[in-house]
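S.K.: Below is the file run-v1.txt, which contains compact mmCIF, C-alpha atoms.
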# COMPACT_ATOMS: atom_id res chain seq x y z
CA MET R 1460 -75.55 -29.68 5.72
CA ALA R 1461 -75.13 -27.05 3.04
CA VAL R 1462 -76.19 -23.45 3.55
CA PRO R 1463 -77.99 -21.67 0.70
CA ILE R 1464 -76.03 -18.74 -0.74
CA ALA R 1465 -79.15 -16.63 -0.21
CA PHE R 1466 -78.69 -16.90 3.56
CA TYR R 1467 -75.22 -15.40 3.32
CA LEU R 1468 -76.58 -12.61 1.14
CA ILE R 1469 -79.40 -11.94 3.61
CA LEU R 1470 -76.88 -11.80 6.48
CA ALA R 1471 -74.94 -9.24 4.44
CA ALA R 1472 -78.19 -7.30 3.86
CA ILE R 1473 -78.87 -7.29 7.62
CA LEU R 1474 -75.38 -5.97 8.35
CA PHE R 1475 -75.68 -3.35 5.59
CA SER R 1476 -79.05 -2.14 6.91
CA ILE R 1477 -77.69 -1.89 10.44
CA GLY R 1478 -74.80 0.10 8.96
CA ILE R 1479 -77.23 2.49 7.24
CA ALA R 1480 -79.22 2.93 10.46
CA ALA R 1481 -76.07 3.55 12.50
CA PHE R 1482 -74.81 6.01 9.88
CA LEU R 1483 -78.02 8.03 10.13
CA ILE R 1484 -78.68 7.76 13.87
CA LYS R 1485 -75.24 8.12 15.40
CA ARG R 1486 -74.03 11.63 16.24
CA ASN R 1487 -70.39 10.90 17.00
CA ILE R 1488 -68.28 11.32 13.88
CA ILE R 1489 -65.99 8.39 14.77
CA THR R 1490 -68.97 6.05 15.17
CA ILE R 1491 -70.37 7.24 11.84
CA PHE R 1492 -67.03 6.33 10.29
CA MET R 1493 -67.23 2.89 11.93
CA SER R 1494 -70.66 2.29 10.42
CA ILE R 1495 -69.18 3.01 6.98
CA GLU R 1496 -66.64 0.25 7.68
CA LEU R 1497 -69.52 -2.03 8.68
CA MET R 1498 -71.26 -1.40 5.36
CA LEU R 1499 -68.00 -2.10 3.47
CA ASN R 1500 -67.72 -5.40 5.35
CA ALA R 1501 -71.28 -6.36 4.42
CA VAL R 1502 -70.51 -5.72 0.75
CA ASN R 1503 -67.35 -7.83 1.09
CA LEU R 1504 -69.45 -10.72 2.39
CA THR R 1505 -71.66 -10.61 -0.72
CA PHE R 1506 -68.55 -10.57 -2.92
CA VAL R 1507 -67.16 -13.67 -1.20
CA ALA R 1508 -70.53 -15.43 -1.38
CA PHE R 1509 -70.85 -14.77 -5.10
CA SER R 1510 -67.25 -15.82 -5.63
CA HIS R 1511 -68.12 -19.13 -3.96
CA MET R 1512 -71.24 -19.45 -6.07
CA TRP R 1513 -69.47 -18.95 -9.42
CA HIS R 1514 -66.34 -20.93 -8.44
CA GLN R 1515 -64.27 -17.94 -9.51
CA VAL R 1516 -61.56 -16.08 -7.66
CA SER R 1517 -62.41 -12.62 -9.06
CA GLY R 1518 -64.83 -11.82 -6.25
CA GLN R 1519 -62.15 -12.44 -3.67
CA ILE R 1520 -59.80 -10.11 -5.54
CA PHE R 1521 -62.50 -7.44 -5.43
CA VAL R 1522 -62.60 -7.90 -1.65
CA PHE R 1523 -58.82 -7.56 -1.52
CA PHE R 1524 -58.96 -4.20 -3.28
CA VAL R 1525 -61.89 -3.06 -1.13
CA MET R 1526 -59.79 -3.84 1.95
CA VAL R 1527 -56.87 -1.78 0.62
CA VAL R 1528 -59.13 1.16 -0.18
CA ALA R 1529 -60.80 0.86 3.25
CA ALA R 1530 -57.42 0.99 4.96
CA ALA R 1531 -56.39 4.10 2.99
CA GLU R 1532 -59.79 5.67 3.65
CA ALA R 1533 -59.52 4.99 7.40
CA ALA R 1534 -56.08 6.60 7.57
CA VAL R 1535 -57.10 9.76 5.71
CA GLY R 1536 -60.53 9.99 7.36
CA LEU R 1537 -59.17 9.70 10.88
CA ALA R 1538 -56.54 12.35 10.06
CA ILE R 1539 -59.38 14.64 8.91
CA ILE R 1540 -61.27 13.91 12.14
CA ILE R 1541 -58.19 14.79 14.21
CA SER R 1542 -57.66 18.10 12.41
CA LEU R 1543 -61.40 18.86 12.66
CA PHE R 1544 -61.27 18.21 16.40
CA ARG R 1545 -58.33 20.60 16.73
CA VAL R 1546 -60.34 23.40 15.12
CA ARG R 1547 -63.82 22.80 16.56
CA GLN R 1548 -63.08 20.97 19.85
CA THR R 1549 -66.04 18.64 19.27
CA LEU R 1550 -66.87 15.33 17.64
CA ASP R 1551 -70.63 15.94 17.42
CA VAL R 1552 -71.73 16.21 13.79
CA ASP R 1553 -74.60 18.53 14.77
CA GLN R 1554 -72.13 21.15 15.93
CA ILE R 1555 -69.94 20.94 12.83
CA ASN R 1556 -72.12 23.30 10.77
CA LEU R 1557 -69.73 25.85 9.33
CA LEU R 1558 -71.33 25.63 5.88
CA LYS R 1559 -74.83 26.11 7.32
CA ASP R 1560 -74.41 29.49 9.03
CA MET K 1180 -71.07 -28.29 10.20
CA GLN K 1181 -71.34 -25.45 7.74
CA ILE K 1182 -74.85 -24.53 8.91
CA ALA K 1183 -73.66 -24.58 12.53
CA LEU K 1184 -70.78 -22.24 11.69
CA PHE K 1185 -73.10 -20.00 9.73
CA ILE K 1186 -75.71 -19.76 12.49
CA ILE K 1187 -73.24 -19.20 15.33
CA PHE K 1188 -71.07 -16.61 13.63
CA GLY K 1189 -73.90 -14.98 11.69
CA LEU K 1190 -75.78 -14.38 14.94
CA LEU K 1191 -72.56 -13.13 16.54
CA ALA K 1192 -72.02 -10.68 13.66
CA VAL K 1193 -75.59 -9.37 13.85
CA ALA K 1194 -75.36 -9.05 17.64
CA GLY K 1195 -72.09 -7.13 17.31
CA ALA K 1196 -73.57 -4.81 14.69
CA LEU K 1197 -76.64 -4.14 16.84
CA ASN K 1198 -74.37 -3.48 19.80
CA LEU K 1199 -72.48 -0.94 17.66
CA LEU K 1200 -75.81 0.75 16.99
CA PHE K 1201 -77.04 0.82 20.58
CA GLN K 1202 -73.89 1.61 22.55
CA ARG K 1203 -73.38 5.28 23.35
CA HIS K 1204 -69.65 5.23 23.97
CA PRO K 1205 -67.38 5.04 20.86
CA ILE K 1206 -64.98 2.56 22.50
CA ASN K 1207 -67.82 0.08 23.03
CA SER K 1208 -68.89 0.54 19.41
CA ALA K 1209 -65.32 -0.04 18.20
CA LEU K 1210 -64.93 -3.24 20.21
CA SER K 1211 -68.26 -4.62 18.98
CA LEU K 1212 -67.14 -3.85 15.42
CA VAL K 1213 -64.08 -6.04 16.11
CA VAL K 1214 -66.50 -8.87 17.02
CA VAL K 1215 -68.33 -8.36 13.71
CA MET K 1216 -65.08 -8.48 11.73
CA MET K 1217 -63.82 -11.60 13.50
CA SER K 1218 -67.07 -13.48 12.85
CA LEU K 1219 -67.01 -12.32 9.23
CA ALA K 1220 -63.50 -13.78 8.97
CA VAL K 1221 -64.86 -17.17 10.08
CA LEU K 1222 -67.67 -16.88 7.53
CA TYR K 1223 -65.12 -16.11 4.78
CA TRP K 1224 -63.21 -19.21 5.80
CA SER K 1225 -66.38 -21.31 5.64
CA LEU K 1226 -66.94 -19.97 2.11
CA GLY K 1227 -63.49 -21.16 1.07
CA ALA K 1228 -61.67 -17.81 1.13
CA GLU K 1229 -58.81 -18.63 3.48
CA PHE K 1230 -56.59 -15.78 2.32
CA LEU K 1231 -59.35 -13.24 2.86
CA ALA K 1232 -60.13 -14.65 6.30
CA ALA K 1233 -56.52 -14.07 7.32
CA ALA K 1234 -56.44 -10.64 5.67
CA GLN K 1235 -59.70 -9.71 7.40
CA VAL K 1236 -58.23 -10.49 10.81
CA ILE K 1237 -54.91 -8.80 10.08
CA VAL K 1238 -56.03 -5.72 8.16
CA TYR K 1239 -59.49 -4.95 9.56
CA ALA K 1240 -59.44 -6.28 13.11
CA GLY K 1241 -55.72 -5.72 13.51
CA ALA K 1242 -54.88 -2.46 11.77
CA ILE K 1243 -58.00 -0.44 11.05
CA MET K 1244 -59.75 -1.02 14.36
CA VAL K 1245 -56.55 -0.33 16.31
CA LEU K 1246 -56.39 2.98 14.44
CA PHE K 1247 -60.00 3.71 15.41
CA VAL K 1248 -59.44 2.88 19.08
CA PHE K 1249 -56.26 4.95 19.02
CA VAL K 1250 -58.10 8.00 17.67
CA VAL K 1251 -60.98 7.56 20.16
CA MET K 1252 -58.48 7.54 23.01
CA LEU K 1253 -56.39 10.38 21.54
CA LEU K 1254 -59.41 12.67 21.22
CA ASN K 1255 -60.81 11.53 24.59
CA ALA K 1256 -64.24 10.97 23.05
CA GLY K 1257 -67.02 10.61 25.59
CA GLU K 1258 -70.61 9.43 25.35
CA GLU K 1259 -72.73 11.12 22.75
CA ASP K 1260 -75.86 12.93 23.86
CA ARG K 1261 -79.24 12.97 22.19
CA THR K 1262 -79.96 16.14 20.28
CA HIS K 1263 -82.74 17.40 18.06
CA GLY K 1264 -81.01 16.27 14.89
CA SER K 1265 -80.78 12.69 16.06
CA LYS K 1266 -84.55 12.52 16.62
CA ILE K 1267 -85.11 13.40 12.97
CA ALA K 1268 -82.55 10.76 12.07
CA TYR K 1269 -84.50 8.19 14.10
CA ILE K 1270 -87.71 9.02 12.24
CA ALA K 1271 -86.06 8.88 8.82
CA GLY K 1272 -83.28 6.36 9.47
CA ILE K 1273 -84.98 3.28 10.90
CA PRO K 1274 -87.72 3.03 8.22
CA GLY K 1275 -85.13 3.67 5.52
CA ALA K 1276 -82.84 0.93 6.77
CA ALA K 1277 -85.79 -1.45 7.21
CA ALA K 1278 -86.98 -0.71 3.67
CA THR K 1279 -83.50 -1.40 2.28
CA PHE K 1280 -83.33 -4.67 4.18
CA CYS K 1281 -86.81 -5.75 3.01
CA LEU K 1282 -85.98 -4.97 -0.62
CA LEU K 1283 -82.64 -6.79 -0.54
CA SER K 1284 -83.95 -9.88 1.26
CA PHE K 1285 -86.97 -10.04 -1.04
CA VAL K 1286 -84.67 -10.10 -4.07
CA PHE K 1287 -82.36 -12.69 -2.53
CA LEU K 1288 -85.19 -14.97 -1.36
CA SER K 1289 -87.02 -14.85 -4.68
CA GLU K 1290 -83.79 -15.82 -6.49
CA ARG K 1291 -82.94 -18.47 -3.92
CA LYS K 1292 -83.19 -21.45 -6.29
CA GLN K 1293 -80.87 -19.88 -8.87
CA LEU K 1294 -78.32 -18.89 -6.25
CA GLY K 1295 -77.79 -22.49 -5.15
CA SER K 1296 -76.06 -23.55 -1.97
CA THR K 1297 -72.57 -23.85 -0.59
CA GLU K 1298 -70.52 -27.01 -0.58
CA ILE K 1299 -67.40 -27.86 1.37
CA GLY K 1300 -64.46 -28.60 -0.91
CA GLY K 1301 -64.16 -27.89 -4.62
CA TYR K 1302 -64.57 -24.14 -4.29
CA LEU K 1303 -62.74 -23.20 -7.44
CA THR K 1304 -63.01 -24.99 -10.75
CA ASN K 1305 -59.41 -25.90 -11.52
CA ALA K 1306 -57.42 -24.48 -8.65
CA VAL K 1307 -54.76 -26.08 -6.51
CA SER K 1308 -55.47 -23.79 -3.60
CA ASN K 1309 -57.15 -20.52 -2.85
CA ILE K 1310 -53.95 -18.55 -2.21
CA THR K 1311 -52.26 -19.93 -5.34
CA GLU K 1312 -55.22 -18.92 -7.47
CA ILE K 1313 -55.46 -15.43 -5.96
CA SER K 1314 -51.75 -14.71 -6.28
CA HIS K 1315 -51.66 -16.06 -9.84
CA THR K 1316 -54.48 -13.76 -10.91
CA LEU K 1317 -53.15 -10.82 -8.92
CA PHE K 1318 -49.64 -10.96 -10.30
CA THR K 1319 -50.43 -11.77 -13.94
CA SER K 1320 -53.65 -10.29 -15.29
CA LEU K 1321 -54.19 -7.75 -12.52
CA LEU K 1322 -50.61 -6.59 -12.09
CA LEU K 1323 -51.30 -2.96 -13.07
CA PRO K 1324 -54.20 -2.43 -10.61
CA PHE K 1325 -52.08 -4.07 -7.92
CA GLU K 1326 -49.25 -1.61 -8.52
CA VAL K 1327 -51.65 1.34 -8.67
CA THR K 1328 -52.87 0.21 -5.24
CA SER K 1329 -49.41 0.83 -3.84
CA ILE K 1330 -49.50 4.38 -5.20
CA LEU K 1331 -52.91 4.83 -3.56
CA ILE K 1332 -51.49 3.74 -0.21
CA LEU K 1333 -48.53 6.10 -0.64
CA VAL K 1334 -50.90 9.00 -1.33
CA ALA K 1335 -52.99 8.01 1.69
CA ILE K 1336 -49.91 8.00 3.94
CA LEU K 1337 -48.86 11.45 2.70
CA GLY K 1338 -52.40 12.77 3.06
CA ALA K 1339 -52.72 11.47 6.62
CA VAL K 1340 -49.38 13.00 7.61
CA VAL K 1341 -50.24 16.37 6.05
CA LEU K 1342 -53.77 16.49 7.49
CA ALA K 1343 -52.81 15.50 11.03
CA ARG K 1344 -49.92 17.97 11.24
CA LYS K 1345 -49.99 20.54 14.03
CA GLU K 1346 -50.20 23.65 11.87
CA LEU K 1347 -52.67 23.21 9.02
Turn this file's structure into structure tokens for me.

M.R.:
Amino acid sequence: MAVPIAFYLILAAILFSIGIAAFLIKRNIITIFMSIELMLNAVNLTFVAFSHMWHQVSGQIFVFFVMVVAAAEAAVGLAIIISLFRVRQTLDVDQINLLKD
Amino acid sequence: MQIALFIIFGLLAVAGALNLLFQRHPINSALSLVVVMMSLAVLYWSLGAEFLAAAQVIVYAGAIMVLFVFVVMLLNAGEEDRTHGSKIAYIAGIPGAAATFCLLSFVFLSERKQLGSTEIGGYLTNAVSNITEISHTLFTSLLLPFEVTSILILVAILGAVVLARKEL
């Protein structure tokens, strides 16, 4: 039995909303970074669903580039987190408030 | 069969994402994110994107999440504790996420007829296979973006090495 494309898009919307909620609620900087990856994955699912809908391969190539950028972003972001931890000795985003004081 | 795959792995992905939200320890969140990525790989495969399903498992679940788990263990990250800031985030975050979800699903459901439905087989119009089509497009019309990607990765490697050095 065939699945409507709208169901895939709604699944992606659910994952994206959970990613937004986790991004806002979580206090650990690594978990916040993980929720960004979750949102990227949700967007990838919509790209693949639309690629299936239009019978075109361009959407899948978009996903390929998003994956590359996500890998580069994870490498640089985790390096920033490591150097931040060396300076502040914490991973809590509430205590990283150098610009505020 | 497709609806069974969709229901099983869609529910698994949502359960993993909710587990990421509710777990307090970063390792538990990272492992539930691996579950989400694996089930998304199966969903990609059911949508006819075999190459992306493999790349999802290798790149996301294999490389990126290993990097995350590695950093969590390197920094010895413990459970996060509730603070005042997170209460404000609860008040603002959950309605915001719910509003986004309602808006998106309203749009998708109202356009449901135009979006159509999936079918097994015949994913691409004139393709021999998914990987052939992707590589043909990637290495002919999109050759320049593909090469620029390699420069991006080189810059990312250099940036990671410079940022994670001992003396900054």

S.K.: Within 7 Å of chain K, which residues of chain R come that close, and what is the closest atom pair and distance in Å for each? Count all atoms listed in the file and give it as JSON lines.

M.R.:
{"residue": "R:Met1460", "atom": "CA", "partner": "K:Ile1182", "partner_atom": "CA", "distance": 6.1}
{"residue": "R:Ala1461", "atom": "CA", "partner": "K:Thr1297", "partner_atom": "CA", "distance": 5.5}
{"residue": "R:Val1462", "atom": "CA", "partner": "K:Thr1297", "partner_atom": "CA", "distance": 5.5}
{"residue": "R:Pro1463", "atom": "CA", "partner": "K:Ser1296", "partner_atom": "CA", "distance": 3.8}
{"residue": "R:Ile1464", "atom": "CA", "partner": "K:Ser1296", "partner_atom": "CA", "distance": 5.0}
{"residue": "R:Ala1465", "atom": "CA", "partner": "K:Phe1287", "partner_atom": "CA", "distance": 5.6}
{"residue": "R:Leu1468", "atom": "CA", "partner": "K:Phe1287", "partner_atom": "CA", "distance": 6.8}
{"residue": "R:Ile1469", "atom": "CA", "partner": "K:Ser1284", "partner_atom": "CA", "distance": 5.5}
{"residue": "R:Leu1470", "atom": "CA", "partner": "K:Gly1189", "partner_atom": "CA", "distance": 6.8}
{"residue": "R:Ala1472", "atom": "CA", "partner": "K:Phe1280", "partner_atom": "CA", "distance": 5.8}
{"residue": "R:Ile1473", "atom": "CA", "partner": "K:Phe1280", "partner_atom": "CA", "distance": 6.2}
{"residue": "R:Leu1474", "atom": "CA", "partner": "K:Val1193", "partner_atom": "CA", "distance": 6.5}
{"residue": "R:Ser1476", "atom": "CA", "partner": "K:Ala1276", "partner_atom": "CA", "distance": 4.9}
{"residue": "R:Ile1477", "atom": "CA", "partner": "K:Ala1196", "partner_atom": "CA", "distance": 6.6}
{"residue": "R:Ile1479", "atom": "CA", "partner": "K:Ala1276", "partner_atom": "CA", "distance": 5.8}
{"residue": "R:Ala1480", "atom": "CA", "partner": "K:Gly1272", "partner_atom": "CA", "distance": 5.4}
{"residue": "R:Ala1481", "atom": "CA", "partner": "K:Leu1200", "partner_atom": "CA", "distance": 5.3}
{"residue": "R:Leu1483", "atom": "CA", "partner": "K:Gly1272", "partner_atom": "CA", "distance": 5.6}
{"residue": "R:Ile1484", "atom": "CA", "partner": "K:Ala1268", "partner_atom": "CA", "distance": 5.2}
{"residue": "R:Arg1486", "atom": "CA", "partner": "K:Glu1259", "partner_atom": "CA", "distance": 6.7}
{"residue": "R:Asn1487", "atom": "CA", "partner": "K:Glu1259", "partner_atom": "CA", "distance": 6.2}
{"residue": "R:Thr1490", "atom": "CA", "partner": "K:Pro1205", "partner_atom": "CA", "distance": 6.0}
{"residue": "R:Val1507", "atom": "CA", "partner": "K:Tyr1223", "partner_atom": "CA", "distance": 6.8}
{"residue": "R:Ala1508", "atom": "CA", "partner": "K:Leu1226", "partner_atom": "CA", "distance": 6.8}
{"residue": "R:His1511", "atom": "CA", "partner": "K:Tyr1302", "partner_atom": "CA", "distance": 6.1}
{"residue": "R:His1514", "atom": "CA", "partner": "K:Leu1303", "partner_atom": "CA", "distance": 4.4}
{"residue": "R:Gln1515", "atom": "CA", "partner": "K:Leu1303", "partner_atom": "CA", "distance": 5.9}
{"residue": "R:Val1516", "atom": "CA", "partner": "K:Ile1313", "partner_atom": "CA", "distance": 6.4}
{"residue": "R:Ile1520", "atom": "CA", "partner": "K:Ile1313", "partner_atom": "CA", "distance": 6.9}
{"residue": "R:Ala1530", "atom": "CA", "partner": "K:Ile1243", "partner_atom": "CA", "distance": 6.3}
{"residue": "R:Ala1531", "atom": "CA", "partner": "K:Ala1335", "partner_atom": "CA", "distance": 5.3}
{"residue": "R:Ala1533", "atom": "CA", "partner": "K:Ile1243", "partner_atom": "CA", "distance": 6.7}
{"residue": "R:Ala1534", "atom": "CA", "partner": "K:Ala1339", "partner_atom": "CA", "distance": 6.0}
{"residue": "R:Val1535", "atom": "CA", "partner": "K:Ala1339", "partner_atom": "CA", "distance": 4.8}
{"residue": "R:Ala1538", "atom": "CA", "partner": "K:Ala1343", "partner_atom": "CA", "distance": 5.0}
{"residue": "R:Ile1539", "atom": "CA", "partner": "K:Leu1342", "partner_atom": "CA", "distance": 6.1}
{"residue": "R:Ile1541", "atom": "CA", "partner": "K:Ala1343", "partner_atom": "CA", "distance": 6.3}
{"residue": "R:Ser1542", "atom": "CA", "partner": "K:Ala1343", "partner_atom": "CA", "distance": 5.7}
{"residue": "R:Asp1553", "atom": "CA", "partner": "K:Gly1264", "partner_atom": "CA", "distance": 6.8}

S.K.: Can I get the selected residues back with C-alpha atoms, as a PDB file, in the frame of the given file?

M.R.:
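The file below, again_13.pdb, is the result:
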ATOM      1  CA  MET R1460     -75.550 -29.680   5.720  1.00  0.00           C
ATOM      2  CA  ALA R1461     -75.130 -27.050   3.040  1.00  0.00           C
ATOM      3  CA  VAL R1462     -76.190 -23.450   3.550  1.00  0.00           C
ATOM      4  CA  PRO R1463     -77.990 -21.670   0.700  1.00  0.00           C
ATOM      5  CA  ILE R1464     -76.030 -18.740  -0.740  1.00  0.00           C
ATOM      6  CA  ALA R1465     -79.150 -16.630  -0.210  1.00  0.00           C
ATOM      7  CA  LEU R1468     -76.580 -12.610   1.140  1.00  0.00           C
ATOM      8  CA  ILE R1469     -79.400 -11.940   3.610  1.00  0.00           C
ATOM      9  CA  LEU R1470     -76.880 -11.800   6.480  1.00  0.00           C
ATOM     10  CA  ALA R1472     -78.190  -7.300   3.860  1.00  0.00           C
ATOM     11  CA  ILE R1473     -78.870  -7.290   7.620  1.00  0.00           C
ATOM     12  CA  LEU R1474     -75.380  -5.970   8.350  1.00  0.00           C
ATOM     13  CA  SER R1476     -79.050  -2.140   6.910  1.00  0.00           C
ATOM     14  CA  ILE R1477     -77.690  -1.890  10.440  1.00  0.00           C
ATOM     15  CA  ILE R1479     -77.230   2.490   7.240  1.00  0.00           C
ATOM     16  CA  ALA R1480     -79.220   2.930  10.460  1.00  0.00           C
ATOM     17  CA  ALA R1481     -76.070   3.550  12.500  1.00  0.00           C
ATOM     18  CA  LEU R1483     -78.020   8.030  10.130  1.00  0.00           C
ATOM     19  CA  ILE R1484     -78.680   7.760  13.870  1.00  0.00           C
ATOM     20  CA  ARG R1486     -74.030  11.630  16.240  1.00  0.00           C
ATOM     21  CA  ASN R1487     -70.390  10.900  17.000  1.00  0.00           C
ATOM     22  CA  THR R1490     -68.970   6.050  15.170  1.00  0.00           C
ATOM     23  CA  VAL R1507     -67.160 -13.670  -1.200  1.00  0.00           C
ATOM     24  CA  ALA R1508     -70.530 -15.430  -1.380  1.00  0.00           C
ATOM     25  CA  HIS R1511     -68.120 -19.130  -3.960  1.00  0.00           C
ATOM     26  CA  HIS R1514     -66.340 -20.930  -8.440  1.00  0.00           C
ATOM     27  CA  GLN R1515     -64.270 -17.940  -9.510  1.00  0.00           C
ATOM     28  CA  VAL R1516     -61.560 -16.080  -7.660  1.00  0.00           C
ATOM     29  CA  ILE R1520     -59.800 -10.110  -5.540  1.00  0.00           C
ATOM     30  CA  ALA R1530     -57.420   0.990   4.960  1.00  0.00           C
ATOM     31  CA  ALA R1531     -56.390   4.100   2.990  1.00  0.00           C
ATOM     32  CA  ALA R1533     -59.520   4.990   7.400  1.00  0.00           C
ATOM     33  CA  ALA R1534     -56.080   6.600   7.570  1.00  0.00           C
ATOM     34  CA  VAL R1535     -57.100   9.760   5.710  1.00  0.00           C
ATOM     35  CA  ALA R1538     -56.540  12.350  10.060  1.00  0.00           C
ATOM     36  CA  ILE R1539     -59.380  14.640   8.910  1.00  0.00           C
ATOM     37  CA  ILE R1541     -58.190  14.790  14.210  1.00  0.00           C
ATOM     38  CA  SER R1542     -57.660  18.100  12.410  1.00  0.00           C
ATOM     39  CA  ASP R1553     -74.600  18.530  14.770  1.00  0.00           C
TER      40      ASP R1553
END

S.K.: List the spatial neighbours of Phe1475 in chain R as a CSV table (one decimal) with C-alpha atoms, in the frame of the given file - criterion: any atom at most 6 Å away, only C-alpha atoms, same-chain residues fewer than 3 positions off excluded.

M.R.:
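File written: part01.csv
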chain,number,residue,atom,x,y,z
R,1472,ALA,CA,-78.2,-7.3,3.9
R,1478,GLY,CA,-74.8,0.1,9.0
R,1498,MET,CA,-71.3,-1.4,5.4
R,1501,ALA,CA,-71.3,-6.4,4.4

S.K.: Calculated over all atoms listed in the file, which of the candidates R:Met1493, R:Ile1488, R:Leu1550, R:Leu1499 has the smallest distance to Phe1524 in chain R?

M.R.: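 Going through R:Met1493, R:Ile1488, R:Leu1550, R:Leu1499 one by one, the smallest distance to Phe1524 in chain R is for R:Leu1499.
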
S.K.: Mind checking which residues fall within 12 Å of Leu1557 in chain R, counting only C-alpha atoms, ignoring those fewer than 3 positions away in the same chain, and posting them as a list in words?

M.R.: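 Near neighbours after the sequence-gap exclusion: Leu1543, Val1546, Arg1547, Val1552, Asp1553, Gln1554 and Asp1560 of chain R.
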
S.K.: Could you check how far CA of Asn1198 in chain K sits from CA of Gly1536 in chain R, in Å to one decimal?

M.R.: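 Interatomic distance, CA of Asn1198 in chain K to CA of Gly1536 in chain R: 23.0 Å.
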
S.K.: State, in Å with one decimal place, the distance from CA of Ile1489 in chain R to CA of Met1526 in chain R.

M.R.: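 Atom-to-atom, CA of Ile1489 in chain R and CA of Met1526 in chain R are spaced 18.8 Å apart.
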
S.K.: What does the distance from CA of Val1221 in chain K to CA of Val1236 in chain K come to in Å, to one decimal?

M.R.: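 Computing the Euclidean distance for CA of Val1221 in chain K and CA of Val1236 in chain K yields 9.4 Å.
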
S.K.: Since the input has fewer atoms than a full residue there, write range 1494-1505 of chain R out with N, CA and C atoms, as a short mmCIF file (atom, residue, chain, number, x, y, z; two decimals), in the frame of the given file.

M.R.:
data_model
loop_
_atom_site.label_atom_id
_atom_site.label_comp_id
_atom_site.auth_asym_id
_atom_site.auth_seq_id
_atom_site.Cartn_x
_atom_site.Cartn_y
_atom_site.Cartn_z
N SER R 1494 -69.54 2.91 11.11
CA SER R 1494 -70.66 2.29 10.42
C SER R 1494 -70.40 2.21 8.92
N ILE R 1495 -69.59 3.13 8.39
CA ILE R 1495 -69.18 3.01 6.98
C ILE R 1495 -68.34 1.74 6.79
N GLU R 1496 -67.44 1.48 7.75
CA GLU R 1496 -66.64 0.25 7.68
C GLU R 1496 -67.54 -0.98 7.75
N LEU R 1497 -68.59 -0.90 8.57
CA LEU R 1497 -69.52 -2.03 8.68
C LEU R 1497 -70.21 -2.29 7.35
N MET R 1498 -70.61 -1.22 6.66
CA MET R 1498 -71.26 -1.40 5.36
C MET R 1498 -70.28 -1.99 4.34
N LEU R 1499 -69.01 -1.54 4.38
CA LEU R 1499 -68.00 -2.10 3.47
C LEU R 1499 -67.83 -3.60 3.72
N ASN R 1500 -67.87 -3.98 5.01
CA ASN R 1500 -67.72 -5.40 5.35
C ASN R 1500 -68.90 -6.22 4.84
N ALA R 1501 -70.10 -5.65 4.92
CA ALA R 1501 -71.28 -6.36 4.42
C ALA R 1501 -71.16 -6.59 2.92
N VAL R 1502 -70.68 -5.57 2.20
CA VAL R 1502 -70.51 -5.72 0.75
C VAL R 1502 -69.45 -6.78 0.45
N ASN R 1503 -68.39 -6.81 1.27
CA ASN R 1503 -67.35 -7.83 1.09
C ASN R 1503 -67.92 -9.22 1.24
N LEU R 1504 -68.85 -9.39 2.19
CA LEU R 1504 -69.45 -10.72 2.39
C LEU R 1504 -70.23 -11.15 1.15
N THR R 1505 -70.95 -10.22 0.51
CA THR R 1505 -71.66 -10.61 -0.72
C THR R 1505 -70.67 -10.97 -1.82
#
